[in-house]
>>> print(open('final.pdb').read())   # PDB, C-alpha atoms and all ligand atoms
ATOM      1  CA  MET O 213     -31.117  62.727  50.914
ATOM      2  CA  SER O 214     -28.795  60.094  49.559
ATOM      3  CA  ASN O 215     -29.767  57.471  47.028
ATOM      4  CA  VAL O 216     -32.593  55.084  47.892
ATOM      5  CA  LEU O 217     -31.038  52.385  45.746
ATOM      6  CA  GLU O 218     -27.428  51.743  44.793
ATOM      7  CA  ILE O 219     -26.287  48.825  42.702
ATOM      8  CA  ASN O 220     -22.611  48.080  42.286
ATOM      9  CA  ASP O 221     -20.994  45.614  39.871
ATOM     10  CA  LEU O 222     -24.043  43.414  40.041
ATOM     11  CA  VAL O 223     -23.867  40.008  38.391
ATOM     12  CA  VAL O 224     -26.852  37.703  37.998
ATOM     13  CA  SER O 225     -26.181  34.334  36.430
ATOM     14  CA  TYR O 226     -28.149  31.154  36.033
ATOM     15  CA  ARG O 227     -27.336  27.557  35.380
ATOM     16  CA  THR O 228     -29.839  26.314  32.860
ATOM     17  CA  ALA O 229     -30.294  23.218  30.719
ATOM     18  CA  ARG O 230     -28.628  25.131  27.873
ATOM     19  CA  GLY O 231     -25.628  26.083  29.975
ATOM     20  CA  HIS O 232     -24.366  28.979  32.032
ATOM     21  CA  LEU O 233     -26.097  32.289  31.415
ATOM     22  CA  THR O 234     -24.894  35.625  32.774
ATOM     23  CA  ALA O 235     -27.998  37.766  32.401
ATOM     24  CA  VAL O 236     -26.637  40.798  34.270
ATOM     25  CA  ASP O 237     -22.910  41.305  33.856
ATOM     26  CA  GLY O 238     -21.411  43.872  36.198
ATOM     27  CA  ILE O 239     -24.014  46.623  36.318
ATOM     28  CA  SER O 240     -23.853  49.704  38.526
ATOM     29  CA  LEU O 241     -26.815  52.066  38.862
ATOM     30  CA  HIS O 242     -28.381  54.352  41.423
ATOM     31  CA  LEU O 243     -31.773  55.901  42.080
ATOM     32  CA  ALA O 244     -32.353  59.178  43.898
ATOM     33  CA  PRO O 245     -35.498  59.711  46.005
ATOM     34  CA  GLY O 246     -38.508  60.494  43.821
ATOM     35  CA  GLU O 247     -36.570  59.833  40.616
ATOM     36  CA  THR O 248     -37.518  57.651  37.643
ATOM     37  CA  LEU O 249     -34.749  55.783  35.879
ATOM     38  CA  GLY O 250     -35.821  54.204  32.612
ATOM     39  CA  LEU O 251     -34.049  50.939  31.746
ATOM     40  CA  VAL O 252     -34.331  50.154  28.053
ATOM     41  CA  GLY O 253     -33.151  47.243  25.940
ATOM     42  CA  GLU O 254     -34.278  44.452  23.642
ATOM     43  CA  SER O 255     -36.089  41.527  25.126
ATOM     44  CA  GLY O 256     -33.559  39.022  26.460
ATOM     45  CA  CYS O 257     -30.946  41.650  27.388
ATOM     46  CA  GLY O 258     -31.271  41.012  31.139
ATOM     47  CA  LYS O 259     -33.550  43.887  32.231
ATOM     48  CA  SER O 260     -36.009  41.680  34.077
ATOM     49  CA  SER O 261     -33.229  39.730  35.773
ATOM     50  CA  LEU O 262     -31.840  42.993  37.081
ATOM     51  CA  GLY O 263     -35.309  43.990  38.323
ATOM     52  CA  LYS O 264     -35.842  40.644  40.003
ATOM     53  CA  ALA O 265     -32.494  40.830  41.783
ATOM     54  CA  ILE O 266     -33.423  44.265  43.132
ATOM     55  CA  VAL O 267     -36.696  42.995  44.609
ATOM     56  CA  GLN O 268     -34.918  39.875  45.928
ATOM     57  CA  LEU O 269     -36.694  37.432  43.652
ATOM     58  CA  VAL O 270     -33.345  36.149  42.405
ATOM     59  CA  GLU O 271     -30.038  35.980  44.237
ATOM     60  CA  PRO O 272     -27.143  37.912  42.647
ATOM     61  CA  SER O 273     -23.923  35.962  42.028
ATOM     62  CA  ALA O 274     -21.742  38.980  42.771
ATOM     63  CA  GLY O 275     -21.864  42.684  43.494
ATOM     64  CA  SER O 276     -24.015  44.632  45.890
ATOM     65  CA  ILE O 277     -27.483  46.132  46.197
ATOM     66  CA  ARG O 278     -27.963  48.860  48.775
ATOM     67  CA  VAL O 279     -31.476  49.778  49.832
ATOM     68  CA  GLU O 280     -31.601  53.075  51.744
ATOM     69  CA  GLY O 281     -27.961  52.490  52.611
ATOM     70  CA  HIS O 282     -28.370  48.867  53.746
ATOM     71  CA  ASP O 283     -26.226  46.433  51.777
ATOM     72  CA  LEU O 284     -28.407  43.379  51.142
ATOM     73  CA  SER O 285     -25.401  41.126  50.562
ATOM     74  CA  THR O 286     -24.160  41.601  54.125
ATOM     75  CA  ARG O 287     -27.542  41.316  55.855
ATOM     76  CA  SER O 288     -29.073  38.267  57.471
ATOM     77  CA  ARG O 289     -32.055  36.625  55.862
ATOM     78  CA  ALA O 290     -34.362  38.221  58.445
ATOM     79  CA  GLU O 291     -32.884  41.663  57.844
ATOM     80  CA  ARG O 292     -33.281  41.250  54.108
ATOM     81  CA  ARG O 293     -36.891  40.244  54.600
ATOM     82  CA  ALA O 294     -37.455  43.350  56.723
ATOM     83  CA  LEU O 295     -36.130  45.492  53.859
ATOM     84  CA  ARG O 296     -38.374  43.859  51.278
ATOM     85  CA  PRO O 297     -41.342  46.242  51.709
ATOM     86  CA  LYS O 298     -39.063  49.117  50.702
ATOM     87  CA  ILE O 299     -38.795  47.792  47.157
ATOM     88  CA  GLN O 300     -41.853  46.528  45.346
ATOM     89  CA  MET O 301     -42.537  45.382  41.819
ATOM     90  CA  VAL O 302     -45.247  45.965  39.238
ATOM     91  CA  PHE O 303     -45.297  43.277  36.565
ATOM     92  CA  GLN O 304     -46.064  43.322  32.865
ATOM     93  CA  ASP O 305     -48.858  40.813  33.133
ATOM     94  CA  PRO O 306     -51.054  41.743  36.097
ATOM     95  CA  MET O 307     -53.168  38.637  35.507
ATOM     96  CA  GLY O 308     -50.185  36.382  36.122
ATOM     97  CA  ALA O 309     -49.028  38.423  39.091
ATOM     98  CA  LEU O 310     -52.344  38.407  40.977
ATOM     99  CA  ASP O 311     -53.892  35.363  42.648
ATOM    100  CA  PRO O 312     -56.964  34.606  40.472
ATOM    101  CA  ARG O 313     -58.938  33.296  43.467
ATOM    102  CA  GLN O 314     -58.423  36.351  45.638
ATOM    103  CA  GLN O 315     -60.741  39.314  45.706
ATOM    104  CA  ALA O 316     -59.210  42.757  45.236
ATOM    105  CA  GLY O 317     -59.651  43.572  48.933
ATOM    106  CA  THR O 318     -57.783  40.429  49.983
ATOM    107  CA  ILE O 319     -55.010  41.048  47.471
ATOM    108  CA  LEU O 320     -54.419  44.471  48.990
ATOM    109  CA  GLU O 321     -54.873  43.377  52.585
ATOM    110  CA  THR O 322     -52.443  40.452  52.452
ATOM    111  CA  PRO O 323     -49.184  42.454  52.440
ATOM    112  CA  LEU O 324     -50.543  44.649  55.247
ATOM    113  CA  LYS O 325     -51.246  41.555  57.339
ATOM    114  CA  LEU O 326     -47.921  39.933  56.528
ATOM    115  CA  HIS O 327     -46.047  43.029  57.592
ATOM    116  CA  GLY O 328     -47.726  43.461  60.922
ATOM    117  CA  LEU O 329     -50.757  45.715  60.523
ATOM    118  CA  ARG O 330     -52.879  43.780  63.047
ATOM    119  CA  ASP O 331     -55.876  46.059  63.378
ATOM    120  CA  ALA O 332     -58.543  44.875  60.910
ATOM    121  CA  ALA O 333     -60.279  48.268  60.769
ATOM    122  CA  ALA O 334     -56.980  49.996  60.025
ATOM    123  CA  ARG O 335     -56.302  47.475  57.248
ATOM    124  CA  ARG O 336     -59.727  48.088  55.705
ATOM    125  CA  ALA O 337     -59.176  51.824  55.820
ATOM    126  CA  ARG O 338     -55.766  51.421  54.168
ATOM    127  CA  VAL O 339     -57.260  49.212  51.436
ATOM    128  CA  ALA O 340     -59.932  51.846  50.750
ATOM    129  CA  THR O 341     -57.264  54.558  50.504
ATOM    130  CA  LEU O 342     -55.150  52.466  48.141
ATOM    131  CA  MET O 343     -58.108  51.779  45.854
ATOM    132  CA  GLU O 344     -59.011  55.419  45.769
ATOM    133  CA  GLN O 345     -55.403  56.369  45.092
ATOM    134  CA  VAL O 346     -55.278  54.241  41.928
ATOM    135  CA  GLY O 347     -58.779  55.149  40.763
ATOM    136  CA  LEU O 348     -60.622  51.897  41.531
ATOM    137  CA  ARG O 349     -64.187  52.308  42.783
ATOM    138  CA  PRO O 350     -64.908  51.119  46.364
ATOM    139  CA  GLU O 351     -67.476  48.552  45.169
ATOM    140  CA  PHE O 352     -64.709  46.770  43.221
ATOM    141  CA  ILE O 353     -63.331  45.469  46.489
ATOM    142  CA  ASP O 354     -65.053  42.088  46.110
ATOM    143  CA  ARG O 355     -64.065  41.543  42.501
ATOM    144  CA  LEU O 356     -61.741  38.809  41.347
ATOM    145  CA  PRO O 357     -58.834  39.696  39.017
ATOM    146  CA  HIS O 358     -60.593  38.297  35.922
ATOM    147  CA  GLU O 359     -63.560  40.580  36.584
ATOM    148  CA  PHE O 360     -61.390  43.628  35.964
ATOM    149  CA  SER O 361     -60.307  45.064  32.626
ATOM    150  CA  GLY O 362     -56.596  44.934  31.775
ATOM    151  CA  GLY O 363     -56.099  48.562  32.784
ATOM    152  CA  GLN O 364     -57.969  48.108  36.070
ATOM    153  CA  ARG O 365     -55.917  45.031  36.866
ATOM    154  CA  GLN O 366     -52.736  46.995  36.384
ATOM    155  CA  ARG O 367     -54.167  49.650  38.744
ATOM    156  CA  LEU O 368     -54.727  46.896  41.273
ATOM    157  CA  GLY O 369     -51.130  45.706  40.782
ATOM    158  CA  ILE O 370     -49.921  49.258  41.410
ATOM    159  CA  ALA O 371     -52.112  49.558  44.531
ATOM    160  CA  ARG O 372     -50.616  46.338  45.880
ATOM    161  CA  ALA O 373     -47.106  47.610  45.206
ATOM    162  CA  LEU O 374     -47.961  50.801  47.122
ATOM    163  CA  ALA O 375     -49.525  49.046  50.105
ATOM    164  CA  LEU O 376     -46.398  49.101  52.260
ATOM    165  CA  ASN O 377     -45.198  52.598  51.314
ATOM    166  CA  PRO O 378     -42.160  51.495  49.323
ATOM    167  CA  SER O 379     -39.328  53.858  48.499
ATOM    168  CA  VAL O 380     -38.704  52.133  45.152
ATOM    169  CA  ILE O 381     -41.010  50.391  42.704
ATOM    170  CA  VAL O 382     -39.508  48.284  39.936
ATOM    171  CA  CYS O 383     -41.996  48.616  37.068
ATOM    172  CA  ASP O 384     -41.245  45.776  34.633
ATOM    173  CA  GLU O 385     -42.923  46.630  31.305
ATOM    174  CA  PRO O 386     -46.029  47.782  33.206
ATOM    175  CA  VAL O 387     -47.894  49.071  30.152
ATOM    176  CA  SER O 388     -46.618  46.740  27.407
ATOM    177  CA  ALA O 389     -49.674  44.496  27.615
ATOM    178  CA  LEU O 390     -52.126  47.427  27.439
ATOM    179  CA  ASP O 391     -53.744  49.253  24.533
ATOM    180  CA  VAL O 392     -52.131  52.565  23.680
ATOM    181  CA  SER O 393     -55.037  54.568  25.158
ATOM    182  CA  LEU O 394     -54.713  52.731  28.466
ATOM    183  CA  GLN O 395     -50.939  53.049  28.481
ATOM    184  CA  ALA O 396     -51.199  56.812  28.860
ATOM    185  CA  GLN O 397     -53.662  56.438  31.747
ATOM    186  CA  VAL O 398     -51.432  54.047  33.649
ATOM    187  CA  LEU O 399     -48.348  56.209  33.029
ATOM    188  CA  ASN O 400     -50.249  59.247  34.306
ATOM    189  CA  LEU O 401     -51.300  57.295  37.377
ATOM    190  CA  LEU O 402     -47.679  56.303  38.079
ATOM    191  CA  ARG O 403     -46.667  59.937  37.724
ATOM    192  CA  ARG O 404     -49.407  61.144  40.096
ATOM    193  CA  VAL O 405     -48.464  58.509  42.655
ATOM    194  CA  GLN O 406     -44.845  59.612  42.443
ATOM    195  CA  GLN O 407     -45.735  63.247  43.002
ATOM    196  CA  ALA O 408     -47.911  62.342  45.986
ATOM    197  CA  GLN O 409     -45.416  60.165  47.802
ATOM    198  CA  LYS O 410     -41.949  60.647  46.337
ATOM    199  CA  VAL O 411     -41.498  57.023  45.392
ATOM    200  CA  SER O 412     -38.666  56.212  42.938
ATOM    201  CA  TYR O 413     -39.196  54.044  39.873
ATOM    202  CA  LEU O 414     -36.918  51.766  37.971
ATOM    203  CA  PHE O 415     -39.014  51.697  34.826
ATOM    204  CA  ILE O 416     -38.112  48.767  32.583
ATOM    205  CA  SER O 417     -39.201  48.797  28.958
ATOM    206  CA  HIS O 418     -38.162  47.539  25.534
ATOM    207  CA  ASP O 419     -39.759  50.708  24.150
ATOM    208  CA  LEU O 420     -37.791  53.928  24.328
ATOM    209  CA  SER O 421     -40.850  56.001  23.441
ATOM    210  CA  VAL O 422     -42.699  54.813  26.576
ATOM    211  CA  VAL O 423     -39.743  55.684  28.768
ATOM    212  CA  GLU O 424     -39.483  59.105  27.176
ATOM    213  CA  HIS O 425     -42.719  60.109  28.853
ATOM    214  CA  ILE O 426     -41.841  59.071  32.362
ATOM    215  CA  ALA O 427     -38.081  58.870  32.966
ATOM    216  CA  ASP O 428     -35.804  61.543  34.430
ATOM    217  CA  ARG O 429     -32.776  59.543  33.355
ATOM    218  CA  VAL O 430     -32.418  56.629  30.978
ATOM    219  CA  ALA O 431     -30.045  53.650  31.023
ATOM    220  CA  ILE O 432     -29.631  51.631  27.833
ATOM    221  CA  MET O 433     -28.853  47.952  28.270
ATOM    222  CA  TYR O 434     -27.383  45.512  25.764
ATOM    223  CA  LEU O 435     -26.618  41.848  26.467
ATOM    224  CA  GLY O 436     -26.244  42.168  30.231
ATOM    225  CA  LYS O 437     -24.383  45.506  30.223
ATOM    226  CA  ILE O 438     -25.278  49.162  30.477
ATOM    227  CA  VAL O 439     -23.972  50.871  27.330
ATOM    228  CA  GLU O 440     -25.198  54.412  28.005
ATOM    229  CA  VAL O 441     -26.780  56.376  30.872
ATOM    230  CA  ALA O 442     -27.933  59.951  30.542
ATOM    231  CA  PRO O 443     -30.472  62.483  31.735
ATOM    232  CA  ARG O 444     -33.505  62.136  29.480
ATOM    233  CA  SER O 445     -32.949  65.352  27.546
ATOM    234  CA  ALA O 446     -29.256  64.585  26.895
ATOM    235  CA  LEU O 447     -30.123  61.119  25.684
ATOM    236  CA  TRP O 448     -32.532  62.553  23.122
ATOM    237  CA  ARG O 449     -30.419  65.512  22.106
ATOM    238  CA  THR O 450     -26.973  63.918  22.098
ATOM    239  CA  PRO O 451     -27.223  60.130  22.150
ATOM    240  CA  ALA O 452     -23.644  58.876  22.127
ATOM    241  CA  HIS O 453     -23.741  55.108  21.755
ATOM    242  CA  PRO O 454     -24.381  53.606  18.314
ATOM    243  CA  TYR O 455     -26.967  51.301  19.871
ATOM    244  CA  THR O 456     -28.855  54.174  21.517
ATOM    245  CA  ARG O 457     -28.770  56.117  18.280
ATOM    246  CA  ALA O 458     -30.184  53.164  16.407
ATOM    247  CA  LEU O 459     -32.986  52.780  18.971
ATOM    248  CA  ILE O 460     -33.899  56.449  18.568
ATOM    249  CA  GLU O 461     -33.690  56.205  14.782
ATOM    250  CA  ALA O 462     -36.062  53.244  14.842
ATOM    251  CA  LEU O 463     -38.833  55.216  16.576
ATOM    252  CA  PRO O 464     -41.783  56.447  14.570
ATOM    253  CA  ARG O 465     -41.276  60.130  13.915
ATOM    254  CA  THR O 466     -44.132  62.071  15.363
ATOM    255  CA  ASP O 467     -41.920  65.108  15.702
ATOM    256  CA  PRO O 468     -39.432  65.041  12.826
ATOM    257  CA  ALA O 469     -37.259  67.776  14.347
ATOM    258  CA  ARG O 470     -36.645  65.833  17.479
ATOM    259  CA  HIS O 471     -34.924  62.680  16.402
ATOM    260  CA  ARG O 472     -32.841  63.977  13.554
ATOM    261  CA  ILE O 473     -29.514  62.207  13.684
ATOM    262  CA  ALA O 474     -27.046  63.251  11.017
ATOM    263  CA  ASP O 475     -25.237  59.967  10.451
ATOM    264  CA  LYS O 476     -28.141  57.592  10.510
ATOM    265  CA  GLN O 477     -27.184  54.272  12.056
ATOM    266  CA  VAL O 478     -29.031  51.025  11.835
ATOM    267  CA  ILE O 479     -28.344  47.992  13.965
ATOM    268  CA  GLY O 480     -29.187  44.964  11.864
ATOM    269  CA  GLY O 481     -29.550  41.328  12.774
ATOM    270  CA  ASP O 482     -30.737  39.611  15.900
ATOM    271  CA  LEU O 483     -29.516  39.841  19.461
ATOM    272  CA  PRO O 484     -26.636  37.315  19.801
ATOM    273  CA  SER O 485     -27.205  34.503  22.277
ATOM    274  CA  PRO O 486     -26.636  35.677  25.846
ATOM    275  CA  TYR O 487     -25.158  32.216  26.489
ATOM    276  CA  ASN O 488     -22.238  33.078  24.289
ATOM    277  CA  PRO O 489     -21.929  36.873  24.015
ATOM    278  CA  PRO O 490     -19.402  38.323  21.536
ATOM    279  CA  ALA O 491     -15.933  39.170  22.868
ATOM    280  CA  GLY O 492     -14.778  42.775  23.073
ATOM    281  CA  CYS O 493     -17.689  45.168  22.641
ATOM    282  CA  ARG O 494     -20.786  43.022  22.663
ATOM    283  CA  LEU O 495     -22.324  45.112  19.923
ATOM    284  CA  HIS O 496     -19.427  44.662  17.487
ATOM    285  CA  THR O 497     -21.190  41.922  15.494
ATOM    286  CA  ARG O 498     -24.009  44.361  14.689
ATOM    287  CA  CYS O 499     -22.425  47.801  14.959
ATOM    288  CA  PRO O 500     -22.025  49.689  11.652
ATOM    289  CA  LEU O 501     -19.131  51.688  13.153
ATOM    290  CA  ALA O 502     -17.140  48.759  14.569
ATOM    291  CA  PHE O 503     -13.375  48.755  13.989
ATOM    292  CA  ALA O 504     -10.630  46.264  14.810
ATOM    293  CA  ARG O 505     -10.281  47.145  18.477
ATOM    294  CA  CYS O 506     -14.009  46.584  19.107
ATOM    295  CA  ALA O 507     -13.714  42.824  18.604
ATOM    296  CA  VAL O 508     -10.963  42.385  21.176
ATOM    297  CA  GLU O 509     -11.307  45.050  23.845
ATOM    298  CA  GLU O 510     -14.381  45.698  25.929
ATOM    299  CA  PRO O 511     -15.218  49.418  26.200
ATOM    300  CA  LYS O 512     -15.748  50.645  29.760
ATOM    301  CA  LEU O 513     -18.573  52.935  30.792
ATOM    302  CA  ALA O 514     -16.981  56.399  31.041
ATOM    303  CA  THR O 515     -18.296  59.891  31.714
ATOM    304  CA  ILE O 516     -18.694  62.201  28.709
ATOM    305  CA  GLY O 517     -20.933  64.869  30.247
ATOM    306  CA  ASP O 518     -23.020  65.794  33.259
ATOM    307  CA  GLY O 519     -24.568  62.508  34.379
ATOM    308  CA  HIS O 520     -23.897  61.145  30.903
ATOM    309  CA  SER O 521     -21.791  57.992  30.487
ATOM    310  CA  VAL O 522     -21.170  55.770  27.502
ATOM    311  CA  ALA O 523     -19.294  52.529  26.826
ATOM    312  CA  CYS O 524     -17.909  52.797  23.291
ATOM    313  CA  HIS O 525     -14.344  53.100  21.947
ATOM    314  CA  LEU O 526     -15.435  55.900  19.610
ATOM    315  CA  HIS O 527     -15.764  58.181  22.613
ATOM    316  CA  ASP O 528     -12.303  57.734  24.065
ATOM    317  CA  ALA O 529     -11.238  61.187  22.893
ATOM    318  CA  ALA O 530     -14.285  62.805  24.527
ATOM    319  CA  VAL O 531     -13.633  60.834  27.699
ATOM    320  CA  ALA O 532     -10.022  61.963  27.822
ATOM    321  CA  LYS O 533     -11.141  65.591  27.441
ATOM    322  CA  ALA O 534     -13.773  65.322  30.199
ATOM    323  CA  ALA O 535     -11.259  63.731  32.631
TER
HETATM  324 FE1  LIG O 601     -19.604  49.973  17.954
HETATM  325 FE2  LIG O 601     -17.058  49.654  18.633
HETATM  326 FE3  LIG O 601     -18.529  51.460  19.905
HETATM  327 FE4  LIG O 601     -18.929  48.876  20.283
HETATM  328  S1  LIG O 601     -17.098  50.020  20.835
HETATM  329  S2  LIG O 601     -20.489  50.404  19.963
HETATM  330  S3  LIG O 601     -18.562  48.043  18.253
HETATM  331  S4  LIG O 601     -17.952  51.468  17.754
HETATM  332 MG    MG O 602     -38.541  41.076  30.515
END
>>> encode(input="final.pdb", output="structure tokens", more="lines below")
Ligand code: SF4
Ligand code: MG
Amino acid sequence: MSNVLEINDLVVSYRTARGHLTAVDGISLHLAPGETLGLVGESGCGKSSLGKAIVQLVEPSAGSIRVEGHDLSTRSRAERRALRPKIQMVFQDPMGALDPRQQAGTILETPLKLHGLRDAAARRARVATLMEQVGLRPEFIDRLPHEFSGGQRQRLGIARALALNPSVIVCDEPVSALDVSLQAQVLNLLRRVQQAQKVSYLFISHDLSVVEHIADRVAIMYLGKIVEVAPRSALWRTPAHPYTRALIEALPRTDPARHRIADKQVIGGDLPSPYNPPAGCRLHTRCPLAFARCAVEEPKLATIGDGHSVACHLHDAAVAKAA
């Protein structure tokens, strides 16, 4: 089957009090059925804006998003609304994403009602199935969000995302607010759900080590751009972009053999303002390997291996060989 999600040259920009901000600057990505793509970058790099555009919470300024082959940019408002159930979102803060006055049962029933499941008994049965699927006990159905623990609330958020049988779930930092012990439980739940119903995930995180446990492929984002995409194993074994290498270097070493990178690279300093990103390669103000060309010419994302692309002038020779 072809891709469930295809994004091409997507641009998301905002007018804010501080000026014009291009949060997503020409990104192309795809998701195969049942696949998990990890999207990793520092906070403020535009990951959430990309996620929100995909679930139609913000309107892109340019580019296209195709959901199961349907290009959202060419569809009517009604057609776009009809496609919305196909792509759902799980948020970082389940408390903020759930109506505090609604009981769990109502939270799960609402999308079913909105999207035309008229039979009340069928809705109740579906709610029971969803709760069971995410490991919430049936008697929790009358609980309000604040009566759940953080981990249970995230289970409820996942159940709501699953209610309409989506083909894609955008998981925006879904475990960042949880204790480490709960993180593993929620990640395992997401994995089980994926095996059971072949849903695809765009899994957004600032933490490469979280993504390592769930992603089939990983995309690294820096200041609105994708700088590297690779199958998970290639990203760990042969990270090509200086920024990716620095992210891997920065991880705590539980397995010292795994992350050994010969020419250790450290990215110092803070993320430059996305309101005024550096010219040329956006990393050049922080990159230890930057040379003259980096400040004036933007590197394009180019293929260096099977499913492995990188945007860095250092790899031009490898790109020329692969072409
Ligand atoms: Fe560093 Fe230059 Fe590569 Fe950018 S293009 S990552 S500045 S070496
Ligand atoms: Mg975010």
>>> residues_near_ligand(input="final.pdb", ligand="ligand MG 602 (chain O)", cutoff="8 Å", atoms="only C-alpha atoms and all ligand atoms", output="PDB file with C-alpha atoms, in the frame of the given file")
ATOM      1  CA  SER O 255     -36.089  41.527  25.126  1.00  0.00           C
ATOM      2  CA  GLY O 256     -33.559  39.022  26.460  1.00  0.00           C
ATOM      3  CA  GLY O 258     -31.271  41.012  31.139  1.00  0.00           C
ATOM      4  CA  LYS O 259     -33.550  43.887  32.231  1.00  0.00           C
ATOM      5  CA  SER O 260     -36.009  41.680  34.077  1.00  0.00           C
ATOM      6  CA  SER O 261     -33.229  39.730  35.773  1.00  0.00           C
ATOM      7  CA  ASP O 384     -41.245  45.776  34.633  1.00  0.00           C
ATOM      8  CA  GLU O 385     -42.923  46.630  31.305  1.00  0.00           C
ATOM      9  CA  ILE O 416     -38.112  48.767  32.583  1.00  0.00           C
ATOM     10  CA  SER O 417     -39.201  48.797  28.958  1.00  0.00           C
TER      11      SER O 417
END
>>> resolve_selection(input="final.pdb", expression="the PyMOL selection byres (((chain O and resi 520-528) around 7) and not hetatm)", output="number ranges by chain")
O: 439-443, 452-453, 511-519, 529-532
>>> residues_near_ligand(input="final.pdb", ligand="ligand LIG 601 (chain O)", cutoff="8 Å", atoms="all atoms listed in the file", output="list of chain:residue names")
O:His453, O:Pro454, O:Tyr455, O:Gly492, O:Cys493, O:Arg494, O:Leu495, O:His496, O:Thr497, O:Arg498, O:Cys499, O:Pro500, O:Leu501, O:Ala502, O:Phe503, O:Arg505, O:Cys506, O:Ala507, O:Glu510, O:Pro511, O:Ala523, O:Cys524, O:His525, O:Leu526, O:His527
>>> resolve_selection(input="final.pdb", expression="the PyMOL selection byres (((chain O and resi 342) around 8) and not hetatm)", output="list in words")
Arg338, Val339, Ala340, Thr341, Met343, Glu344, Gln345, Val346, Ala371, Arg372, Leu374 and Ala375 of chain O
>>> atom_distance(input="final.pdb", atom1="CA of Phe360 in chain O", atom2="CA of Met301 in chain O")
19.8 Å
>>> residues_around(input="final.pdb", residues="range 263-271 of chain O", least_positions_apart="3", cutoff="10 Å", atoms="only C-alpha atoms", output="MDAnalysis selection string")
chainID O and resid 217:219 222:226 236 251 258:260 274 276:279 284:285 292:293 295:301 380:384 414:416
>>> atom_distance(input="final.pdb", atom1="CA of Ile319 in chain O", atom2="CA of Pro357 in chain O")
9.4 Å
>>> residues_around(input="final.pdb", residues="range 386-401 of chain O", least_positions_apart="5", cutoff="12 Å", atoms="only C-alpha atoms", output="ChimeraX atom specification")
/O:248,255,260,301-309,344-348,361-371,381,406-408,413-427
>>> write_last_selection(input="final.pdb", atoms="C-alpha atoms", output="compact mmCIF listing (two decimals), keeping the file's coordinate frame")
# COMPACT_ATOMS: atom_id res chain seq x y z
CA THR O 248 -37.52 57.65 37.64
CA SER O 255 -36.09 41.53 25.13
CA SER O 260 -36.01 41.68 34.08
CA MET O 301 -42.54 45.38 41.82
CA VAL O 302 -45.25 45.96 39.24
CA PHE O 303 -45.30 43.28 36.56
CA GLN O 304 -46.06 43.32 32.86
CA ASP O 305 -48.86 40.81 33.13
CA PRO O 306 -51.05 41.74 36.10
CA MET O 307 -53.17 38.64 35.51
CA GLY O 308 -50.18 36.38 36.12
CA ALA O 309 -49.03 38.42 39.09
CA GLU O 344 -59.01 55.42 45.77
CA GLN O 345 -55.40 56.37 45.09
CA VAL O 346 -55.28 54.24 41.93
CA GLY O 347 -58.78 55.15 40.76
CA LEU O 348 -60.62 51.90 41.53
CA SER O 361 -60.31 45.06 32.63
CA GLY O 362 -56.60 44.93 31.78
CA GLY O 363 -56.10 48.56 32.78
CA GLN O 364 -57.97 48.11 36.07
CA ARG O 365 -55.92 45.03 36.87
CA GLN O 366 -52.74 47.00 36.38
CA ARG O 367 -54.17 49.65 38.74
CA LEU O 368 -54.73 46.90 41.27
CA GLY O 369 -51.13 45.71 40.78
CA ILE O 370 -49.92 49.26 41.41
CA ALA O 371 -52.11 49.56 44.53
CA ILE O 381 -41.01 50.39 42.70
CA GLN O 406 -44.84 59.61 42.44
CA GLN O 407 -45.74 63.25 43.00
CA ALA O 408 -47.91 62.34 45.99
CA TYR O 413 -39.20 54.04 39.87
CA LEU O 414 -36.92 51.77 37.97
CA PHE O 415 -39.01 51.70 34.83
CA ILE O 416 -38.11 48.77 32.58
CA SER O 417 -39.20 48.80 28.96
CA HIS O 418 -38.16 47.54 25.53
CA ASP O 419 -39.76 50.71 24.15
CA LEU O 420 -37.79 53.93 24.33
CA SER O 421 -40.85 56.00 23.44
CA VAL O 422 -42.70 54.81 26.58
CA VAL O 423 -39.74 55.68 28.77
CA GLU O 424 -39.48 59.10 27.18
CA HIS O 425 -42.72 60.11 28.85
CA ILE O 426 -41.84 59.07 32.36
CA ALA O 427 -38.08 58.87 32.97
>>> atom_distance(input="final.pdb", atom1="CA of Ala316 in chain O", atom2="CA of Glu351 in chain O")
10.1 Å
>>> closest_residue(input="final.pdb", among="O:Arg336, O:His242, O:Trp448, O:Glu509", to="Leu463 in chain O", atoms="only C-alpha atoms")
O:Trp448
>>> closest_residue(input="final.pdb", among="O:Leu249, O:Ala332, O:Ala244, O:Ala462", to="Arg444 in chain O", atoms="only C-alpha atoms")
O:Leu249
>>> closest_residue(input="final.pdb", among="O:Ile479, O:Asp221, O:Leu376, O:Ser445", to="Glu461 in chain O", atoms="only C-alpha atoms")
O:Ile479
>>> closest_residue(input="final.pdb", among="O:Val405, O:Ala334, O:Ile438, O:Leu447", to="Leu262 in chain O", atoms="all atoms listed in the file")
O:Ile438
>>> closest_atom_pairs(input="final.pdb", of="range 381-496 of chain O", to="range 230-235 of chain O", cutoff="8 Å", atoms="only C-alpha atoms", output="CSV")
residue,atom,partner,partner_atom,distance
O:Leu435,CA,O:Ala235,CA,7.3
O:Gly436,CA,O:Ala235,CA,5.2
O:Pro486,CA,O:Leu233,CA,6.5
O:Tyr487,CA,O:Leu233,CA,5.0
>>> closest_residue(input="final.pdb", among="O:Lys410, O:Arg335, O:Arg313, O:Arg404", to="His358 in chain O", atoms="only C-alpha atoms")
O:Arg313
